[in-house]
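Below is one structure; the comments refer to it alone.
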Amino acid sequence: MKQGESFCNLATYISETVIVGSGAAGYNAADTLYRMGNSEVVLLSEDLAFGTSRNTGSDKQTYYKLSLCGSEPDSVRAMAEDLFNGGAVDGDLALVEAALSTKSFLKLSDLGVPFPTNRYGEFVGYKTDHDPKRRATSAGPYTSRFMTEFLESSLKERGAALLGGFLVVKILVDEHEVKGVLCLETKNSRFCIFWCRNLIWATGGPAVMYANSVYPASQFGSSGLAFEAGCKGRNLTEWQYGLASLTPRWNVSGTYMQVLPRFFSVDEKGIVHDFLRDQFEDSYHMLSLVFLKGYQWPFDVRKISKGSSIIDLLVYRELEQERRVYLDFTRNPIEGDVDFSSLDTDAYVYLKHAGADFGLPVDRLKVMNAPAYEFYKERGTDLEKDMLEISLCAQHNNGGLAVDLWYQSDVAGLFAVGEVAGSHGVYRPGGSALNAGQVGSARAASYIMKKCHDENWVPTCCSREQIEEILALAKSGVGREDTAMVVYRKVRKQMSLHASLLRRYEDIHALREEIAGYLAEFETLQVNAPAHLPFLFRLRDCLLSQVVYLSAMEEYIKAGGKSRGSSLYLCSDGEPLHPLLPPDFRAHLEEENPPSFLQEVSFKGGVCAFSWRAPHPLPLEDDFFEKVWKEFREHGNVY
Ligand SMILES: Cc1cc2nc3c(=O)[nH]c(=O)nc-3n(C[C@H](O)[C@H](O)[C@H](O)COP(=O)(O)OP(=O)(O)OC[C@H]3O[C@@H](n4cnc5c(N)ncnc54)[C@H](O)[C@@H]3O)c2cc1C
């Protein structure tokens, strides 16, 4: 990294490649470039310790790759087909993510991520959701944290430039080509510019948009800035939402449900509602569905009438009425003792085998999964006596920025890797997010190395207006009152209510108009101290993201899109969903399998333009070895 000449009175730095984001994807992009001998790289992050990879986890945080154990056959093609069958997934990207999964996984293992092997060295796997093989593995609850830690150490050993405290507030672009990024230094509220030729955008999922979120509190995302710079969005409507506790933010999947806790809610007056028990006539049916919820996370529209997603919707109904929802592990959900033999056979057999067909939910939890009990205790919630507040939370965005085979976006030189990229569709196997992040970052790095690396490269500036606009916002944005916070709280709460698992056209339309209004008058919003400027710019990104995501949902409904994945679109002429839901809970469910509806959106001058297409098919190329080898000798594989 070199120092450049001052521009718009700001300090400037020059680096051929700038990576933004210190999650598993950003670190791997940097590490891959360094390993290829390219050190013209700087990695920026608002804080090196922020982000989903570093700060999240789950019962058994999963990594998905080609099967590397046992006798069941597996192949790159078979894995690609399974990724493709998630629906609305491009076949060529599915093939890339399958093809590079082993290499990416083994690199992490070699770096030290403790993926378990048996004594013969096999990476023993298990089946995850939407996975017909045993392709999943895990290094425990904190797989992604291990990934960031080992990649970061590797980079530090190489003396890589890793800079925390730099919040990117604008991507600088001219003629649809990236020029650099404008940053706000969080420690002193000063702006500076990094000029670059290649920008790897590894900013993670746009968690900032939702109030109810199981993303860690330190993850905001920056998809809005990328839309503003000209990147297209793809499959933005496709998310995963599910039940999670709020403090700490943690999915209440697996054993937390299998031990059959009691659900209840509390209204504004403090009145307690046993809302689940009160609605099910057959309480053992209710208990069996709660058990099933343990391995049916996230919410899935196909599992409302047959499956456990009705539980999510009944929780949602409580939230809609401004009630807070809790899990109670200190009491059984029905009066008196539970007669376990009256549960559905699967639940009964499982609990009996686990030696957990007795007592209270917390007793069963301690028997079946003591670490799951300890997890909350260590964080100040003792499930022996404390109630656990839960909500329906956003967990993962399957869609994101549209990318090509090398994870380059529509803006020349701007690559999107990790969760911010939209390589998944409606469904995806559990663990494939971490795989996609590693594969995408390695691909972008390889492309840059082969096509966009030149020691004699010199930067070219962008127009001054893009920088002056942001500097003016910073000037007008500090005042006496914190109006920005009021808007921030309001829009995120509204997003969770109207644009998460349950979507009604009128609500989405009204919310999109309201948010577009805040954006149009953004210069009137203020924070009350210069030190809070990062927050002002996060709000700006939040509003930009929300407008584009809401527009995508609105357009999806207008185009006749049906309910699919984790998104339920209510409509008056749809089919009734479940006898326990009000009559207006009607929807059309997507029948195509896999769903083939792929939506792309571009955002220009505050207006969204849409296009629709079928996904690219899985490639069927002639893989005769001598032919590929000749091409590889002549051109490498980047073409
Ligand atoms: C509870 C939970 C459980 C999960 N379980 C699994 C699982 O089992 N398997 C699986 O495959 N996936 C799982 N996921 C998803 C997976 O963890 C994430 O998709 C993945 O970690 C994202 O990695 P990333 O590198 O793309 O982004 P992140 O790790 O989120 O990193 C983003 C980085 O960008 C930085 N950044 C953002 N904007 C800016 C800006 N403007 N300027 C500077 N820096 C910026 C952030 O600070 C951060 O450092 C789970 C997610 C959650 C929330």
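Chain identifiers are assigned as A, B, and so on, following the order in which chains appear in the structure tokens; residues are numbered from 1 within each chain, and ligands are numbered from 1 in order of appearance.
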>> I want to know what sits within 12 Å of A:Glu506, based on only C-alpha atoms, with residues of the same chain fewer than 6 positions away left out; could you give that as a ChimeraX atom specification?
In response: /A:498-499,512-513,550,553-554,557-558,569-572
>> Taking the DSSP secondary structure from the backbone, can you list the residues of stretch 392-509 of chain A that are alpha helix (DSSP H), as JSON, numbers by chain?
In response: {"A": [432, 433, 434, 435, 436, 437, 438, 439, 440, 441, 442, 443, 444, 445, 446, 447, 448, 449, 450, 451, 465, 466, 467, 468, 469, 470, 471, 472, 473, 474, 475, 476, 483, 484, 485, 486, 487, 488, 489, 490, 491, 492, 493, 494, 495, 496, 497, 498, 505, 506, 507, 508, 509]}
With N, CA and C atoms kept, could you save the residues just selected as a compact mmCIF listing (two decimals), in the first residue's frame?
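Saved the output as selection_25.txt:
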# COMPACT_ATOMS: atom_id res chain seq x y z
N SER A 432 -23.69 -24.90 3.19
CA SER A 432 -23.19 -24.49 1.88
C SER A 432 -22.86 -22.99 1.84
N ALA A 433 -23.31 -22.23 2.85
CA ALA A 433 -22.94 -20.80 2.87
C ALA A 433 -21.44 -20.67 3.11
N LEU A 434 -20.94 -21.43 4.06
CA LEU A 434 -19.50 -21.32 4.35
C LEU A 434 -18.68 -21.83 3.17
N ASN A 435 -19.15 -22.90 2.53
CA ASN A 435 -18.44 -23.39 1.34
C ASN A 435 -18.43 -22.33 0.25
N ALA A 436 -19.60 -21.72 -0.01
CA ALA A 436 -19.68 -20.73 -1.10
C ALA A 436 -18.73 -19.57 -0.85
N GLY A 437 -18.60 -19.17 0.41
CA GLY A 437 -17.71 -18.04 0.75
C GLY A 437 -16.25 -18.37 0.47
N GLN A 438 -15.86 -19.61 0.77
CA GLN A 438 -14.46 -20.00 0.54
C GLN A 438 -14.18 -20.16 -0.95
N VAL A 439 -15.13 -20.78 -1.65
CA VAL A 439 -14.93 -21.00 -3.09
C VAL A 439 -14.93 -19.66 -3.82
N GLY A 440 -15.92 -18.82 -3.52
CA GLY A 440 -16.04 -17.54 -4.22
C GLY A 440 -14.81 -16.67 -4.02
N SER A 441 -14.31 -16.64 -2.79
CA SER A 441 -13.15 -15.78 -2.53
C SER A 441 -11.90 -16.31 -3.23
N ALA A 442 -11.77 -17.64 -3.30
CA ALA A 442 -10.61 -18.21 -4.00
C ALA A 442 -10.72 -17.94 -5.51
N ARG A 443 -11.94 -18.02 -6.03
CA ARG A 443 -12.14 -17.77 -7.47
C ARG A 443 -11.82 -16.32 -7.82
N ALA A 444 -12.34 -15.39 -7.02
CA ALA A 444 -12.10 -13.97 -7.31
C ALA A 444 -10.59 -13.70 -7.26
N ALA A 445 -9.92 -14.28 -6.26
CA ALA A 445 -8.47 -14.06 -6.13
C ALA A 445 -7.74 -14.63 -7.34
N SER A 446 -8.14 -15.82 -7.80
CA SER A 446 -7.46 -16.42 -8.97
C SER A 446 -7.65 -15.54 -10.20
N TYR A 447 -8.84 -15.03 -10.37
CA TYR A 447 -9.12 -14.19 -11.54
C TYR A 447 -8.26 -12.93 -11.50
N ILE A 448 -8.22 -12.32 -10.34
CA ILE A 448 -7.43 -11.09 -10.20
C ILE A 448 -5.96 -11.38 -10.51
N MET A 449 -5.49 -12.48 -9.98
CA MET A 449 -4.07 -12.83 -10.19
C MET A 449 -3.76 -13.00 -11.67
N LYS A 450 -4.70 -13.65 -12.40
CA LYS A 450 -4.43 -13.96 -13.80
C LYS A 450 -4.73 -12.78 -14.72
N LYS A 451 -5.77 -12.02 -14.40
CA LYS A 451 -6.25 -11.04 -15.37
C LYS A 451 -6.10 -9.58 -14.94
N GLU A 465 -17.69 14.67 -7.32
CA GLU A 465 -19.04 14.83 -6.74
C GLU A 465 -19.41 13.70 -5.78
N GLN A 466 -18.98 12.46 -6.13
CA GLN A 466 -19.38 11.33 -5.29
C GLN A 466 -18.80 11.48 -3.88
N ILE A 467 -17.61 12.10 -3.81
CA ILE A 467 -16.99 12.27 -2.49
C ILE A 467 -17.60 13.48 -1.79
N GLU A 468 -17.79 14.53 -2.55
CA GLU A 468 -18.33 15.76 -1.95
C GLU A 468 -19.74 15.54 -1.38
N GLU A 469 -20.51 14.67 -2.05
CA GLU A 469 -21.87 14.38 -1.56
C GLU A 469 -21.80 13.78 -0.14
N ILE A 470 -20.86 12.86 0.06
CA ILE A 470 -20.75 12.20 1.37
C ILE A 470 -20.20 13.18 2.41
N LEU A 471 -19.24 13.99 2.01
CA LEU A 471 -18.67 14.95 2.97
C LEU A 471 -19.75 15.95 3.41
N ALA A 472 -20.63 16.31 2.47
CA ALA A 472 -21.72 17.24 2.82
C ALA A 472 -22.68 16.57 3.80
N LEU A 473 -22.97 15.28 3.58
CA LEU A 473 -23.88 14.57 4.51
C LEU A 473 -23.27 14.51 5.91
N ALA A 474 -21.94 14.33 5.96
CA ALA A 474 -21.28 14.26 7.27
C ALA A 474 -21.39 15.61 7.97
N LYS A 475 -21.33 16.68 7.17
CA LYS A 475 -21.39 18.02 7.76
C LYS A 475 -22.79 18.32 8.29
N SER A 476 -23.80 18.04 7.45
CA SER A 476 -25.17 18.34 7.88
C SER A 476 -25.70 17.31 8.88
N THR A 483 -32.00 12.16 15.44
CA THR A 483 -33.18 11.75 14.66
C THR A 483 -32.89 10.45 13.88
N ALA A 484 -31.62 10.23 13.59
CA ALA A 484 -31.26 9.02 12.83
C ALA A 484 -31.65 7.77 13.60
N MET A 485 -31.46 7.79 14.91
CA MET A 485 -31.75 6.61 15.73
C MET A 485 -33.25 6.28 15.71
N VAL A 486 -34.07 7.32 15.70
CA VAL A 486 -35.52 7.10 15.69
C VAL A 486 -35.91 6.34 14.41
N VAL A 487 -35.37 6.83 13.30
CA VAL A 487 -35.68 6.19 12.01
C VAL A 487 -35.14 4.76 11.97
N TYR A 488 -33.90 4.61 12.45
CA TYR A 488 -33.23 3.30 12.45
C TYR A 488 -34.09 2.26 13.18
N ARG A 489 -34.54 2.62 14.38
CA ARG A 489 -35.34 1.67 15.17
C ARG A 489 -36.64 1.32 14.44
N LYS A 490 -37.25 2.37 13.88
CA LYS A 490 -38.57 2.17 13.27
C LYS A 490 -38.48 1.27 12.03
N VAL A 491 -37.56 1.59 11.13
CA VAL A 491 -37.56 0.86 9.85
C VAL A 491 -37.14 -0.60 10.02
N ARG A 492 -36.26 -0.85 10.97
CA ARG A 492 -35.81 -2.24 11.15
C ARG A 492 -36.94 -3.08 11.77
N LYS A 493 -37.68 -2.48 12.67
CA LYS A 493 -38.79 -3.20 13.28
C LYS A 493 -39.87 -3.49 12.22
N GLN A 494 -40.14 -2.47 11.40
CA GLN A 494 -41.14 -2.66 10.34
C GLN A 494 -40.73 -3.74 9.35
N MET A 495 -39.43 -3.77 9.04
CA MET A 495 -38.94 -4.81 8.11
C MET A 495 -39.20 -6.19 8.69
N SER A 496 -38.93 -6.36 10.00
CA SER A 496 -39.14 -7.68 10.60
C SER A 496 -40.61 -8.07 10.58
N LEU A 497 -41.47 -7.07 10.75
CA LEU A 497 -42.90 -7.39 10.77
C LEU A 497 -43.48 -7.64 9.38
N HIS A 498 -43.04 -6.85 8.41
CA HIS A 498 -43.72 -6.89 7.11
C HIS A 498 -42.92 -7.50 5.97
N TYR A 505 -48.61 -7.75 0.10
CA TYR A 505 -48.25 -6.73 -0.89
C TYR A 505 -48.42 -5.31 -0.35
N GLU A 506 -49.58 -5.03 0.24
CA GLU A 506 -49.88 -3.66 0.66
C GLU A 506 -48.86 -3.18 1.70
N ASP A 507 -48.49 -4.05 2.63
CA ASP A 507 -47.54 -3.66 3.69
C ASP A 507 -46.16 -3.38 3.09
N ILE A 508 -45.77 -4.22 2.15
CA ILE A 508 -44.43 -4.06 1.56
C ILE A 508 -44.38 -2.78 0.74
N HIS A 509 -45.44 -2.56 -0.01
CA HIS A 509 -45.50 -1.36 -0.84
C HIS A 509 -45.42 -0.10 0.04
Selection within 7 Å of ligand 1 by only C-alpha atoms and all ligand atoms, output as a short mmCIF file (atom, residue, chain, number, x, y, z; two decimals) with N, CA, C and O atoms, in the first residue's frame:
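File written: pocket_23.cif
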data_model
loop_
_atom_site.label_atom_id
_atom_site.label_comp_id
_atom_site.auth_asym_id
_atom_site.auth_seq_id
_atom_site.Cartn_x
_atom_site.Cartn_y
_atom_site.Cartn_z
N VAL A 20 -12.78 -5.66 1.31
CA VAL A 20 -13.53 -5.08 2.42
C VAL A 20 -14.28 -6.20 3.14
O VAL A 20 -15.13 -6.87 2.55
N GLY A 21 -13.93 -6.39 4.42
CA GLY A 21 -14.60 -7.42 5.23
C GLY A 21 -13.60 -8.40 5.82
O GLY A 21 -12.75 -8.94 5.10
N SER A 22 -13.71 -8.61 7.12
CA SER A 22 -12.78 -9.53 7.80
C SER A 22 -13.53 -10.77 8.29
O SER A 22 -13.27 -11.28 9.37
N GLY A 23 -14.46 -11.25 7.47
CA GLY A 23 -15.09 -12.54 7.74
C GLY A 23 -14.31 -13.64 7.05
O GLY A 23 -13.23 -13.40 6.49
N ALA A 24 -14.87 -14.84 7.07
CA ALA A 24 -14.17 -15.99 6.49
C ALA A 24 -13.90 -15.76 5.00
O ALA A 24 -12.85 -16.16 4.48
N ALA A 25 -14.82 -15.09 4.31
CA ALA A 25 -14.64 -14.89 2.87
C ALA A 25 -13.56 -13.85 2.58
O ALA A 25 -12.66 -14.08 1.75
N GLY A 26 -13.61 -12.71 3.26
CA GLY A 26 -12.62 -11.66 3.02
C GLY A 26 -11.21 -12.15 3.33
O GLY A 26 -10.28 -11.95 2.55
N LEU A 44 -9.58 -4.14 4.49
CA LEU A 44 -10.17 -3.13 5.38
C LEU A 44 -11.41 -3.71 6.06
O LEU A 44 -12.14 -4.48 5.45
N SER A 45 -11.61 -3.30 7.29
CA SER A 45 -12.84 -3.72 7.96
C SER A 45 -13.21 -2.63 8.96
O SER A 45 -12.34 -1.96 9.51
N GLU A 46 -14.52 -2.49 9.21
CA GLU A 46 -14.91 -1.49 10.21
C GLU A 46 -14.31 -1.87 11.56
O GLU A 46 -13.98 -1.02 12.38
N ASP A 47 -14.15 -3.17 11.78
CA ASP A 47 -13.46 -3.67 12.97
C ASP A 47 -13.08 -5.11 12.63
O ASP A 47 -13.95 -5.89 12.24
N LEU A 48 -11.81 -5.46 12.81
CA LEU A 48 -11.38 -6.80 12.37
C LEU A 48 -12.13 -7.90 13.12
O LEU A 48 -12.24 -9.02 12.65
N ALA A 49 -12.64 -7.58 14.32
CA ALA A 49 -13.33 -8.60 15.11
C ALA A 49 -14.84 -8.63 14.86
O ALA A 49 -15.56 -9.38 15.51
N PHE A 50 -15.34 -7.82 13.93
CA PHE A 50 -16.78 -7.78 13.65
C PHE A 50 -17.17 -8.87 12.64
O PHE A 50 -16.32 -9.46 11.99
N GLY A 51 -18.47 -9.04 12.47
CA GLY A 51 -18.97 -9.88 11.38
C GLY A 51 -19.56 -11.20 11.86
O GLY A 51 -19.39 -11.61 13.01
N THR A 52 -20.26 -11.83 10.94
CA THR A 52 -20.97 -13.07 11.27
C THR A 52 -20.01 -14.23 11.53
O THR A 52 -20.12 -14.94 12.53
N SER A 53 -19.05 -14.41 10.62
CA SER A 53 -18.17 -15.59 10.76
C SER A 53 -17.49 -15.60 12.12
O SER A 53 -17.41 -16.63 12.78
N ARG A 54 -17.00 -14.45 12.53
CA ARG A 54 -16.21 -14.39 13.76
C ARG A 54 -17.08 -14.55 15.01
O ARG A 54 -16.62 -15.04 16.02
N THR A 56 -20.54 -15.73 15.27
CA THR A 56 -21.76 -16.53 15.36
C THR A 56 -21.43 -18.00 15.53
O THR A 56 -20.26 -18.40 15.50
N GLY A 57 -22.46 -18.77 15.70
CA GLY A 57 -22.27 -20.21 15.82
C GLY A 57 -23.62 -20.86 15.93
O GLY A 57 -24.65 -20.20 15.86
N SER A 58 -23.61 -22.15 16.08
CA SER A 58 -24.86 -22.87 16.33
C SER A 58 -24.47 -24.20 16.95
O SER A 58 -23.29 -24.54 17.03
N LYS A 60 -24.14 -27.12 16.08
CA LYS A 60 -23.09 -27.86 15.35
C LYS A 60 -22.94 -27.10 14.05
O LYS A 60 -23.60 -27.42 13.06
N GLN A 61 -22.12 -26.08 14.05
CA GLN A 61 -22.06 -25.21 12.87
C GLN A 61 -21.43 -25.97 11.70
O GLN A 61 -20.33 -26.51 11.81
N THR A 62 -22.14 -25.96 10.61
CA THR A 62 -21.89 -26.95 9.55
C THR A 62 -21.12 -26.39 8.36
O THR A 62 -21.37 -25.26 7.93
N TYR A 63 -20.23 -27.22 7.83
CA TYR A 63 -19.51 -26.90 6.59
C TYR A 63 -19.85 -27.99 5.58
O TYR A 63 -19.76 -29.18 5.89
N TYR A 64 -20.22 -27.59 4.38
CA TYR A 64 -20.70 -28.54 3.37
C TYR A 64 -19.66 -28.70 2.27
O TYR A 64 -19.18 -27.71 1.72
N SER A 144 -17.11 -21.32 12.02
CA SER A 144 -16.73 -20.14 11.22
C SER A 144 -15.76 -19.24 11.99
O SER A 144 -14.91 -18.57 11.39
N PHE A 166 -11.85 0.99 9.65
CA PHE A 166 -12.16 1.72 8.42
C PHE A 166 -13.54 1.28 7.91
O PHE A 166 -13.71 0.14 7.47
N LEU A 167 -14.50 2.17 8.04
CA LEU A 167 -15.85 1.86 7.54
C LEU A 167 -15.97 2.45 6.13
O LEU A 167 -15.83 3.67 5.96
N VAL A 168 -16.20 1.59 5.17
CA VAL A 168 -16.40 2.11 3.80
C VAL A 168 -17.78 2.74 3.73
O VAL A 168 -18.78 2.12 4.13
N VAL A 169 -17.84 3.98 3.27
CA VAL A 169 -19.14 4.66 3.19
C VAL A 169 -19.56 4.95 1.74
O VAL A 169 -20.69 5.39 1.50
N ALA A 202 -16.57 -8.20 0.56
CA ALA A 202 -16.83 -9.40 1.39
C ALA A 202 -17.51 -8.95 2.66
O ALA A 202 -17.09 -9.28 3.77
N THR A 203 -18.59 -8.18 2.49
CA THR A 203 -19.20 -7.48 3.62
C THR A 203 -20.30 -8.28 4.32
O THR A 203 -20.97 -7.75 5.21
N GLY A 204 -20.52 -9.51 3.92
CA GLY A 204 -21.48 -10.37 4.62
C GLY A 204 -22.93 -10.03 4.30
O GLY A 204 -23.24 -9.19 3.45
N GLY A 205 -23.85 -10.69 5.00
CA GLY A 205 -25.28 -10.49 4.76
C GLY A 205 -25.74 -9.13 5.28
O GLY A 205 -25.18 -8.60 6.24
N VAL A 214 -30.76 -13.03 14.12
CA VAL A 214 -29.82 -13.89 14.84
C VAL A 214 -28.39 -13.70 14.32
O VAL A 214 -27.46 -14.36 14.74
N TYR A 215 -28.23 -12.77 13.41
CA TYR A 215 -26.87 -12.34 13.05
C TYR A 215 -26.27 -11.70 14.30
O TYR A 215 -26.99 -11.07 15.09
N PRO A 216 -24.96 -11.79 14.48
CA PRO A 216 -24.38 -11.12 15.65
C PRO A 216 -24.58 -9.61 15.57
O PRO A 216 -24.71 -9.05 14.48
N SER A 218 -22.64 -7.33 15.84
CA SER A 218 -21.57 -6.60 15.14
C SER A 218 -21.62 -6.79 13.63
O SER A 218 -20.70 -6.36 12.93
N GLN A 219 -22.67 -7.43 13.13
CA GLN A 219 -22.77 -7.56 11.68
C GLN A 219 -23.85 -6.64 11.15
O GLN A 219 -25.00 -6.70 11.57
N PHE A 220 -23.45 -5.77 10.21
CA PHE A 220 -24.41 -4.85 9.59
C PHE A 220 -24.56 -5.17 8.10
O PHE A 220 -25.64 -5.21 7.57
N GLY A 221 -23.42 -5.39 7.44
CA GLY A 221 -23.46 -5.61 5.99
C GLY A 221 -23.43 -4.29 5.25
O GLY A 221 -23.62 -3.22 5.85
N SER A 222 -23.20 -4.35 3.95
CA SER A 222 -23.13 -3.12 3.15
C SER A 222 -23.60 -3.38 1.74
O SER A 222 -22.97 -2.91 0.78
N TRP A 250 -29.11 -16.69 19.29
CA TRP A 250 -28.73 -18.11 19.08
C TRP A 250 -29.95 -18.87 18.56
O TRP A 250 -31.05 -18.71 19.10
N ASN A 251 -29.78 -19.70 17.57
CA ASN A 251 -30.91 -20.48 17.05
C ASN A 251 -31.39 -21.46 18.10
O ASN A 251 -30.58 -22.22 18.65
N GLN A 395 -31.73 -15.02 9.48
CA GLN A 395 -30.46 -15.70 9.74
C GLN A 395 -29.52 -15.68 8.56
O GLN A 395 -28.31 -15.65 8.71
N HIS A 396 -30.06 -15.73 7.35
CA HIS A 396 -29.17 -15.82 6.20
C HIS A 396 -29.87 -15.36 4.95
O HIS A 396 -31.05 -15.65 4.75
N VAL A 417 -17.99 -11.63 -2.71
CA VAL A 417 -17.74 -12.99 -2.22
C VAL A 417 -18.32 -13.15 -0.83
O VAL A 417 -18.47 -12.18 -0.08
N GLY A 418 -18.64 -14.40 -0.48
CA GLY A 418 -19.25 -14.65 0.83
C GLY A 418 -20.74 -14.39 0.77
O GLY A 418 -21.36 -14.39 -0.31
N GLU A 419 -21.31 -14.11 1.92
CA GLU A 419 -22.78 -14.02 1.97
C GLU A 419 -23.34 -12.85 1.17
O GLU A 419 -24.49 -12.88 0.73
N VAL A 420 -22.54 -11.82 0.95
CA VAL A 420 -23.06 -10.68 0.18
C VAL A 420 -23.35 -11.08 -1.27
O VAL A 420 -24.14 -10.44 -1.96
N GLY A 430 -27.63 -27.12 4.37
CA GLY A 430 -26.99 -26.48 5.52
C GLY A 430 -25.49 -26.60 5.39
O GLY A 430 -24.97 -27.66 5.04
N GLY A 431 -24.77 -25.52 5.62
CA GLY A 431 -23.31 -25.54 5.52
C GLY A 431 -22.79 -25.04 4.19
O GLY A 431 -21.59 -24.78 4.04
N SER A 432 -23.69 -24.90 3.19
CA SER A 432 -23.19 -24.49 1.88
C SER A 432 -22.86 -22.99 1.84
O SER A 432 -22.18 -22.54 0.92
N ALA A 433 -23.31 -22.23 2.85
CA ALA A 433 -22.94 -20.80 2.87
C ALA A 433 -21.44 -20.67 3.11
O ALA A 433 -20.75 -19.90 2.43
N LEU A 434 -20.94 -21.43 4.06
CA LEU A 434 -19.50 -21.32 4.35
C LEU A 434 -18.68 -21.83 3.17
O LEU A 434 -17.65 -21.25 2.81
N ASN A 435 -19.15 -22.90 2.53
CA ASN A 435 -18.44 -23.39 1.34
C ASN A 435 -18.43 -22.33 0.25
O ASN A 435 -17.39 -22.03 -0.35
N GLY A 437 -18.60 -19.17 0.41
CA GLY A 437 -17.71 -18.04 0.75
C GLY A 437 -16.25 -18.37 0.47
O GLY A 437 -15.49 -17.53 -0.04
#
>> Residues near A:Leu327, anyone? I mean within 7 Å using only C-alpha atoms, not counting same-chain ones fewer than 2 positions away, as a PyMOL selection string.
In response: chain A and resi 261-264+329+387-390
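Closest to A:Gln408 among A:Leu100, A:Leu182, A:Cys231, A:Leu225 is A:Cys231, based on only C-alpha atoms.
Between atom CA of A:Tyr27 and atom CA of A:Asp454 the interatomic distance comes to 21.9 Å.
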